[in-house]
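Shown next: my_file01.txt, containing compact mmCIF, C-alpha atoms.
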```txt
# COMPACT_ATOMS: atom_id res chain seq x y z
CA MET A 1 99.26 83.38 122.53
CA SER A 2 99.37 80.57 119.98
CA ILE A 3 96.50 78.45 118.72
CA GLN A 4 96.71 74.75 119.45
CA HIS A 5 96.55 73.21 116.02
CA ASN A 6 99.29 71.25 114.34
CA TYR A 7 99.72 72.30 110.73
CA ARG A 8 103.02 70.93 109.50
CA LYS A 9 102.91 73.39 106.63
CA ILE A 10 100.58 76.21 105.60
CA ILE A 11 100.56 77.31 101.95
CA ILE A 12 99.56 80.86 101.02
CA SER A 13 98.63 80.99 97.34
CA ARG A 14 99.00 84.39 95.68
CA THR A 15 100.23 84.31 92.10
CA ASP A 16 99.73 87.92 90.99
CA SER A 17 101.86 91.07 91.09
CA ILE A 18 104.44 92.60 93.41
CA GLY A 19 102.16 95.05 95.24
CA ASP A 20 99.53 92.36 95.84
CA VAL A 21 102.20 90.05 97.24
CA VAL A 22 103.58 92.77 99.56
CA LEU A 23 100.08 93.33 100.95
CA THR A 24 99.78 89.59 101.63
CA LEU A 25 102.93 89.44 103.80
CA PRO A 26 101.07 90.62 106.94
CA LEU A 27 98.89 87.51 106.65
CA ALA A 28 102.08 85.44 106.78
CA GLY A 29 103.17 87.46 109.81
CA LEU A 30 99.98 86.69 111.71
CA LEU A 31 100.04 83.02 110.76
CA LYS A 32 103.63 82.72 111.98
CA LYS A 33 102.66 84.46 115.21
CA TYR A 34 99.78 82.13 116.01
CA TYR A 35 101.20 78.98 114.40
CA PRO A 36 104.91 79.31 115.29
CA LEU A 37 105.65 75.62 114.74
CA SER A 38 104.16 75.58 111.25
CA SER A 39 106.24 76.09 108.13
CA ILE A 40 104.81 78.90 106.00
CA ALA A 41 105.14 78.39 102.25
CA PHE A 42 104.20 80.98 99.64
CA LEU A 43 103.00 79.78 96.24
CA GLY A 44 103.71 82.62 93.85
CA GLN A 45 105.15 83.72 90.52
CA SER A 46 108.91 83.63 89.94
CA TYR A 47 109.08 87.39 89.32
CA THR A 48 107.86 88.08 92.87
CA ARG A 49 110.27 85.60 94.46
CA ALA A 50 112.61 88.32 95.74
CA VAL A 51 109.78 89.96 97.69
CA ILE A 52 108.68 86.68 99.24
CA GLU A 53 112.19 85.62 100.19
CA ALA A 54 112.80 89.00 101.88
CA CYS A 55 110.03 88.23 104.38
CA ALA A 56 111.21 86.67 107.64
CA TYR A 57 107.82 85.02 108.21
CA ILE A 58 107.95 82.86 105.08
CA ASP A 59 109.97 79.67 105.19
CA GLU A 60 109.68 78.53 101.59
CA PHE A 61 108.89 79.84 98.12
CA ILE A 62 107.03 77.58 95.70
CA ASP A 63 107.20 78.61 92.04
CA TRP A 64 103.81 78.21 90.38
CA LYS A 65 105.29 78.51 86.89
CA GLU A 66 107.52 75.50 87.51
CA ILE A 67 104.61 73.43 88.83
CA SER A 68 102.20 74.47 86.09
CA THR A 69 104.50 73.18 83.35
CA LEU A 70 104.58 69.64 84.80
CA PRO A 71 102.22 66.88 83.63
CA GLN A 72 99.12 66.77 85.81
CA ALA A 73 100.12 63.58 87.65
CA GLU A 74 103.47 65.12 88.56
CA GLN A 75 101.76 68.30 89.73
CA VAL A 76 99.64 66.23 92.11
CA LYS A 77 102.68 64.29 93.31
CA PHE A 78 104.62 67.50 93.92
CA MET A 79 101.78 68.99 95.95
CA GLN A 80 101.32 65.81 97.96
CA GLU A 81 105.03 65.82 98.79
CA GLN A 82 104.60 69.25 100.39
CA LYS A 83 102.62 67.52 103.17
CA ALA A 84 100.70 70.75 103.75
CA GLY A 85 97.83 70.70 106.19
CA LEU A 86 96.25 73.91 104.93
CA ILE A 87 96.16 76.06 101.80
CA LEU A 88 94.76 79.59 101.64
CA HIS A 89 93.64 80.67 98.16
CA VAL A 90 94.26 84.39 98.65
CA PHE A 91 94.33 85.03 94.91
CA PRO A 92 91.87 82.56 93.40
CA VAL A 93 93.17 80.42 90.54
CA LYS A 94 90.98 77.56 89.37
CA GLU A 95 93.89 75.31 88.41
CA ILE A 96 95.49 75.70 91.84
CA ALA A 97 92.21 75.08 93.64
CA LEU A 98 91.68 71.85 91.65
CA LEU A 99 95.26 70.77 92.26
CA ALA A 100 95.04 71.31 96.01
CA LYS A 101 91.93 69.14 96.16
CA ARG A 102 93.42 66.39 93.99
CA ALA A 103 96.52 66.39 96.17
CA GLY A 104 94.35 65.86 99.24
CA ILE A 105 95.43 68.91 101.25
CA PRO A 106 93.19 68.45 104.32
CA GLU A 107 92.03 72.08 104.74
CA ARG A 108 91.44 74.25 101.69
CA ILE A 109 90.17 77.78 102.28
CA GLY A 110 88.75 80.02 99.57
CA SER A 111 86.24 82.81 99.15
CA THR A 112 82.59 82.36 98.22
CA GLY A 113 83.14 84.64 95.22
CA ARG A 114 84.38 81.82 92.97
CA LEU A 115 81.93 79.06 92.04
CA TYR A 116 84.72 76.50 91.69
CA HIS A 117 85.63 77.00 95.36
CA TYR A 118 82.33 75.33 96.30
CA THR A 119 83.64 72.04 94.89
CA THR A 120 87.37 72.45 95.55
CA CYS A 121 87.46 74.04 99.03
CA ASN A 122 86.11 72.65 102.29
CA ARG A 123 86.15 75.98 104.15
CA LEU A 124 84.52 78.99 102.53
CA VAL A 125 84.78 82.60 103.66
CA ARG A 126 82.27 85.20 102.52
CA LEU A 127 84.52 87.81 101.00
CA SER A 128 83.81 90.36 98.26
CA ARG A 129 86.82 92.44 97.35
CA ARG A 130 85.53 94.64 94.55
CA ASN A 131 82.94 96.53 96.56
CA SER A 132 84.54 96.21 99.96
CA PRO A 133 85.33 99.34 102.02
CA HIS A 134 88.29 97.54 103.57
CA HIS A 135 91.96 97.69 102.63
CA GLU A 136 93.46 94.91 100.51
CA ALA A 137 95.80 93.84 103.31
CA THR A 138 92.94 93.45 105.79
CA LEU A 139 90.91 91.54 103.21
CA ASN A 140 93.81 89.12 102.78
CA ILE A 141 93.83 88.58 106.52
CA ARG A 142 90.04 88.24 106.54
CA LEU A 143 90.38 85.09 104.44
CA ALA A 144 91.99 83.46 107.49
CA ALA A 145 88.85 83.99 109.59
CA GLY A 146 88.60 81.07 111.98
CA LEU A 147 92.37 80.61 112.08
CA LEU A 148 93.21 83.85 113.87
CA PRO A 149 91.80 85.40 117.06
CA ALA A 150 91.00 88.63 115.20
CA SER A 151 90.72 88.31 111.45
CA MET A 152 89.97 91.99 110.74
CA ILE A 153 92.74 93.90 112.44
CA PRO A 154 92.99 97.70 112.17
CA THR A 155 95.12 98.91 109.27
CA GLU A 156 97.29 100.88 111.71
CA ASP A 157 98.48 97.57 113.18
CA ILE A 158 99.62 96.18 109.82
CA PRO A 159 102.97 98.02 109.34
CA GLY A 160 104.54 95.86 112.04
CA LEU A 161 103.61 92.65 110.24
CA PHE A 162 105.50 92.86 106.92
CA GLY A 163 108.68 91.24 108.25
CA MET A 164 110.85 92.44 105.36
CA SER A 165 114.15 92.00 107.17
CA ARG A 166 115.99 89.59 104.87
CA ILE A 167 117.47 92.28 102.65
CA LYS A 168 120.42 91.37 100.45
CA ASN A 169 123.53 93.52 100.33
CA LEU A 170 123.39 96.25 97.73
CA PRO A 171 126.12 96.02 95.04
CA GLU A 172 128.82 98.64 95.55
CA SER A 173 127.99 100.24 92.18
CA LEU A 174 124.54 101.11 93.56
CA GLU A 175 125.52 101.65 97.19
CA SER A 176 127.98 104.34 96.11
CA LEU A 177 125.12 106.37 94.61
CA ILE A 178 123.49 106.94 98.00
CA ASP A 179 124.26 110.38 99.42
CA ARG A 180 124.33 110.32 103.23
CA GLU A 181 124.21 114.11 103.38
CA ARG A 182 120.90 114.44 101.51
CA PHE A 183 117.47 112.81 101.41
CA ASN A 184 117.66 110.05 98.80
CA LEU A 185 114.35 110.16 96.95
CA ILE A 186 113.18 107.63 94.36
CA LEU A 187 110.65 108.72 91.75
CA HIS A 188 108.85 105.83 90.07
CA PRO A 189 106.70 107.49 87.38
CA LYS A 190 105.34 104.45 85.53
CA SER A 191 103.18 101.51 86.60
CA LYS A 192 103.36 99.03 83.69
CA GLY A 193 99.68 99.81 83.14
CA SER A 194 98.63 98.42 86.52
CA ALA A 195 97.48 101.78 87.92
CA ARG A 196 96.35 105.26 86.95
CA GLU A 197 99.42 107.48 86.62
CA TRP A 198 100.33 111.01 87.69
CA GLY A 199 102.19 111.69 84.43
CA SER A 200 105.88 112.01 83.63
CA GLY A 201 105.47 115.75 83.15
CA ASN A 202 104.30 116.18 86.72
CA PHE A 203 107.19 114.08 88.00
CA ALA A 204 109.62 116.23 86.00
CA LYS A 205 108.14 119.44 87.43
CA LEU A 206 108.34 117.98 90.94
CA SER A 207 112.02 117.14 90.44
CA ALA A 208 112.66 120.70 89.28
CA ILE A 209 111.28 122.25 92.48
CA LEU A 210 113.04 119.92 94.91
CA PRO A 211 116.12 121.73 96.33
CA ALA A 212 119.24 119.96 95.10
CA SER A 213 120.93 120.79 98.41
CA GLU A 214 118.33 118.71 100.26
CA TYR A 215 117.33 115.93 97.86
CA LYS A 216 119.20 113.49 95.68
CA VAL A 217 116.69 112.21 93.14
CA PHE A 218 116.65 108.82 91.42
CA VAL A 219 114.28 107.61 88.72
CA THR A 220 113.43 103.91 88.58
CA GLY A 221 111.42 101.62 86.35
CA THR A 222 111.91 98.89 83.78
CA ALA A 223 114.04 99.37 80.68
CA THR A 224 110.83 99.72 78.65
CA GLU A 225 109.52 102.36 81.05
CA GLY A 226 112.83 104.20 80.75
CA GLU A 227 112.40 104.31 76.98
CA LEU A 228 108.87 105.66 77.40
CA LEU A 229 110.16 108.39 79.71
CA ARG A 230 112.78 109.33 77.14
CA GLU A 231 110.17 109.44 74.37
CA GLU A 232 108.01 111.68 76.56
CA GLY A 233 110.94 114.05 77.08
CA PHE A 234 111.18 113.46 80.81
CA PHE A 235 114.97 113.47 81.04
CA ARG A 236 115.23 116.64 78.94
CA GLN A 237 113.17 118.45 81.60
CA VAL A 238 115.19 117.44 84.65
CA ASP A 239 118.63 118.23 86.02
CA GLU A 240 120.74 116.23 88.45
CA VAL A 241 118.51 113.15 88.34
CA THR A 242 120.11 109.71 88.40
CA ASP A 243 118.50 107.42 85.84
CA LEU A 244 118.28 103.85 87.14
CA THR A 245 115.59 102.61 84.75
CA GLY A 246 116.37 99.10 83.54
CA LYS A 247 119.48 98.88 85.72
CA MET A 248 118.23 96.79 88.66
CA ASN A 249 116.62 93.41 89.15
CA LEU A 250 113.99 93.05 91.86
CA ASP A 251 116.47 91.93 94.53
CA GLU A 252 118.53 95.04 93.85
CA MET A 253 115.44 97.25 93.72
CA ILE A 254 114.38 96.07 97.17
CA SER A 255 117.87 96.66 98.54
CA PHE A 256 118.08 100.09 96.90
CA ILE A 257 114.72 101.16 98.33
CA ASP A 258 115.95 99.98 101.72
CA ALA A 259 119.13 102.05 101.35
CA ALA A 260 117.24 105.16 100.16
CA ASP A 261 115.04 107.41 102.29
CA GLY A 262 111.79 107.70 100.38
CA LEU A 263 109.80 106.99 97.24
CA ILE A 264 106.98 108.65 95.31
CA ALA A 265 104.78 106.70 92.88
CA ALA A 266 101.27 105.85 91.90
CA SER A 267 99.74 102.64 93.29
CA THR A 268 102.64 100.35 92.33
CA GLY A 269 104.68 97.52 93.77
CA PRO A 270 107.69 99.76 94.58
CA LEU A 271 105.42 102.09 96.57
CA HIS A 272 104.21 99.19 98.73
CA LEU A 273 107.77 97.92 99.08
CA ALA A 274 108.90 101.33 100.35
CA ALA A 275 106.04 101.44 102.85
CA ALA A 276 106.78 97.89 104.06
CA LEU A 277 110.44 98.88 104.52
CA SER A 278 109.35 101.84 106.70
CA LYS A 279 110.54 104.44 104.21
CA VAL A 280 108.75 107.68 103.39
CA ALA A 281 106.28 106.28 100.86
CA LEU A 282 104.04 108.84 99.15
CA GLY A 283 101.38 107.50 96.81
CA ILE A 284 99.32 109.52 94.33
CA TYR A 285 95.89 107.99 93.81
CA PRO A 286 92.68 108.34 91.81
CA PRO A 287 89.40 108.67 93.73
CA ILE A 288 87.79 105.97 91.59
CA ARG A 289 86.76 102.71 93.25
CA PRO A 290 88.21 100.14 93.68
CA MET A 291 91.55 101.84 92.90
CA HIS A 292 91.18 104.45 95.64
CA PRO A 293 93.52 104.63 98.67
CA GLY A 294 90.87 103.16 100.97
CA ARG A 295 91.62 99.89 99.23
CA TRP A 296 95.24 100.29 98.08
CA ALA A 297 96.99 102.97 100.17
CA PRO A 298 100.58 102.22 101.18
CA LEU A 299 100.69 100.92 104.75
CA GLY A 300 103.82 101.87 106.65
CA LYS A 301 105.12 103.82 109.60
CA ARG A 302 105.98 106.73 107.27
CA ALA A 303 103.48 106.18 104.46
CA GLY A 304 100.92 108.62 103.07
CA TYR A 305 98.99 109.53 99.95
CA LEU A 306 97.33 112.29 97.99
CA VAL A 307 93.93 111.92 96.32
CA ALA A 308 91.32 114.35 95.02
CA ASP A 309 88.61 114.94 97.60
CA LYS A 310 85.72 113.98 95.36
CA GLU A 311 83.78 111.08 93.92
CA CYS A 312 84.69 110.54 90.28
CA SER A 313 84.85 107.76 87.72
CA GLN A 314 85.22 109.81 84.52
CA CYS A 315 88.51 108.12 83.63
CA ARG A 316 86.64 104.87 82.98
CA LYS A 317 85.55 106.60 79.76
CA THR A 318 88.41 108.99 79.03
CA GLY A 319 91.49 106.99 80.03
CA PRO A 320 93.95 109.26 81.89
CA CYS A 321 92.76 110.30 85.35
CA GLN A 322 92.36 114.09 85.38
CA CYS A 323 91.78 113.96 89.13
CA MET A 324 95.34 112.67 89.53
CA LEU A 325 96.86 114.87 86.83
CA ASN A 326 95.38 117.94 88.53
CA ILE A 327 97.27 117.25 91.76
CA SER A 328 100.09 119.80 91.42
CA PRO A 329 103.81 119.17 91.94
CA VAL A 330 103.68 121.91 94.61
CA GLN A 331 101.04 119.93 96.51
CA VAL A 332 103.19 116.81 96.30
CA LYS A 333 106.27 118.68 97.52
CA GLN A 334 104.30 120.11 100.44
CA LYS A 335 103.06 116.65 101.38
CA LEU A 336 106.58 115.22 101.01
CA ASP A 337 108.06 117.97 103.19
CA SER A 338 105.49 117.23 105.91
CA MET A 339 106.41 113.54 105.84
CA VAL A 340 110.16 114.11 105.82
CA ASN A 341 109.92 116.63 108.67
CA PRO A 342 106.74 115.73 110.59
```
Write-out of the structure in structure tokens:
Amino acid sequence: MSIQHNYRKIIISRTDSIGDVVLTLPLAGLLKKYYPLSSIAFLGQSYTRAVIEACAYIDEFIDWKEISTLPQAEQVKFMQEQKAGLILHVFPVKEIALLAKRAGIPERIGSTGRLYHYTTCNRLVRLSRRNSPHHEATLNIRLAAGLLPASMIPTEDIPGLFGMSRIKNLPESLESLIDRERFNLILHPKSKGSAREWGSGNFAKLSAILPASEYKVFVTGTATEGELLREEGFFRQVDEVTDLTGKMNLDEMISFIDAADGLIAASTGPLHLAAALSKVALGIYPPIRPMHPGRWAPLGKRAGYLVADKECSQCRKTGPCQCMLNISPVQVKQKLDSMVNP
């Protein structure tokens, strides 16, 4: 079933981080399903371009950084030349909302949570993310209420909507690292400060108890995160771990996750990528809202998470999340084993 409305182009605006972008791809999937003749453009940041271009439901990437550096008149001209019939402000940015109005995009949808949307948007959706019990992916879809037959679909239906099928070939230097006789497991200990972390010590202990005959273990992260892991003594505590920190760009990271079998991380972009690629994706989460798995769990056919069964927000005052740190490597291994061999 498709909805009879002729949008030449629909722009999804989401200019934040990798995980947020991954959880917006199902919205693109639904829009492409119900508006198959419309071109779907994604307005995002250049560092998330690889994620967006891997999605089969998105026809065009628009780089916000490039637009934002233009003089205002040229910004308006650029946006007018897109000939978009609709823009969805999934991640609200005042400058983008003003630009879309100045460019005369006919339908401009935003949430009621931003005062500037009352003067820049002509369709408002009542949507509060911070205190919502719903998952981020379903909230993204909720913004399209009125465009879709069912704007609050069950989270169990979302894994089939990521559309991450445009995966680039992995360079031979990385492809050769994959061991087809063992389970190729990626550990991603750091989060660039975007999430509470399980701790490099716990990741090291987990690596030590994984049977080398069954698992080949890789460690990923940025070059800076690799240095932090070295300073924390992570690599002195582990054997037979392949260090890939700082050695892949995002295109290569996506392809490597696709070639591997599973990934363990806190609530990070790579975790959501692994889930979207239908890999074993095990997330370790704090119980604190709004960072809890009810809002940010990985959504995939083989995704799962661990979280302390309690209400707690102590880490707002103390920093590191003891609820996460107290989840033992043995517990994580047991959970991993149950996901690898369900």
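What separates atom CA of Thr220 of chain A from atom CA of Leu187 of chain A is a distance of 6.4 Å.
With atom CA of Ser13 of chain A on one side and atom CA of His89 of chain A on the other, the separation reads 5.1 Å.
Of the listed residues A:Arg142, A:His134, A:Lys94, A:Lys216, the one whose atoms come nearest to Tyr116 of chain A is A:Lys94, with distances taken using only C-alpha atoms.
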Margin query: as number ranges by chain, please: the residues near segment 198-210 of chain A (cut-off 10 Å, all atoms listed in the file, same-chain neighbours under 2 positions excluded).
Written below: A: 185, 187-191, 195-196, 212-219, 228-230, 232-241, 264-266, 283-286, 320-333, 337
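For the pair atom CA of Thr112 of chain A and atom CA of Thr155 of chain A, the interatomic distance is 23.5 Å.
Residue nearest Glu197 of chain A within the list A:Leu98, A:Ile254, A:Met79, A:Cys315: A:Cys315 [criterion: smallest interatomic distance, all atoms listed in the file].
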Coordinates of box centre and edge lengths for segment 27-33 of chain A, 5 Å on every side, axis-aligned, as JSON:
```
{"center_x": 101.3, "center_y": 85.1, "center_z": 110.9, "size_x": 14.7, "size_y": 14.8, "size_z": 18.6}
```
What are the nearest atom pairs, with distances in Å to one decimal, for all residues of segment 231-329 of chain A that come at most 7 Å from segment 19-33 of chain A, using all atoms listed in the file, set out by chain and rising residue number as CSV?
```
residue,atom,partner,partner_atom,distance
A:Thr268,CA,A:Gly19,CA,6.1
A:Gly269,CA,A:Gly19,CA,3.8
A:His272,CA,A:Gly19,CA,5.8
A:Leu273,CA,A:Val22,CA,6.7
```
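Checking A:Ala150, A:Ile18, A:Leu299, A:Leu244 one by one against Val51 of chain A, counting only C-alpha atoms, you find the shortest gap at A:Ile18.
Minimum distance to Glu311 of chain A across A:Ile288, A:Met248, A:Leu37, A:Leu147 (counting all atoms listed in the file) occurs at A:Ile288.
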Next item on the list: Would you mind telling me which residue in A:Thr242, A:Glu252, A:Gly113, A:Ile257 lies nearest to Arg130 of chain A when using all atoms listed in the file?
Entry: A:Gly113
Note to self: Using all atoms listed in the file, can you tell me which of A:Ile12, A:Leu148, A:Leu277, A:Leu306 comes closest to Leu88 of chain A?
What the structure shows: A:Ile12
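Residues lying within 12 Å of Thr15 of chain A, counting only C-alpha atoms and ignoring same-chain neighbours fewer than 4 positions away, are A:Gly19, A:Asp20, A:Val21, A:Val22, A:Thr24, A:Phe42, A:Leu43, A:Gly44, A:Gln45, A:Ser46, A:Tyr47, A:Thr48, A:Arg49, A:Ile52, A:Phe61, A:Ile62, A:Asp63, A:Trp64, A:Lys65, A:Ser68, A:Leu88, A:His89, A:Val90, A:Phe91, A:Pro92, A:Val93, A:Lys94, A:Glu95, A:Ile96.
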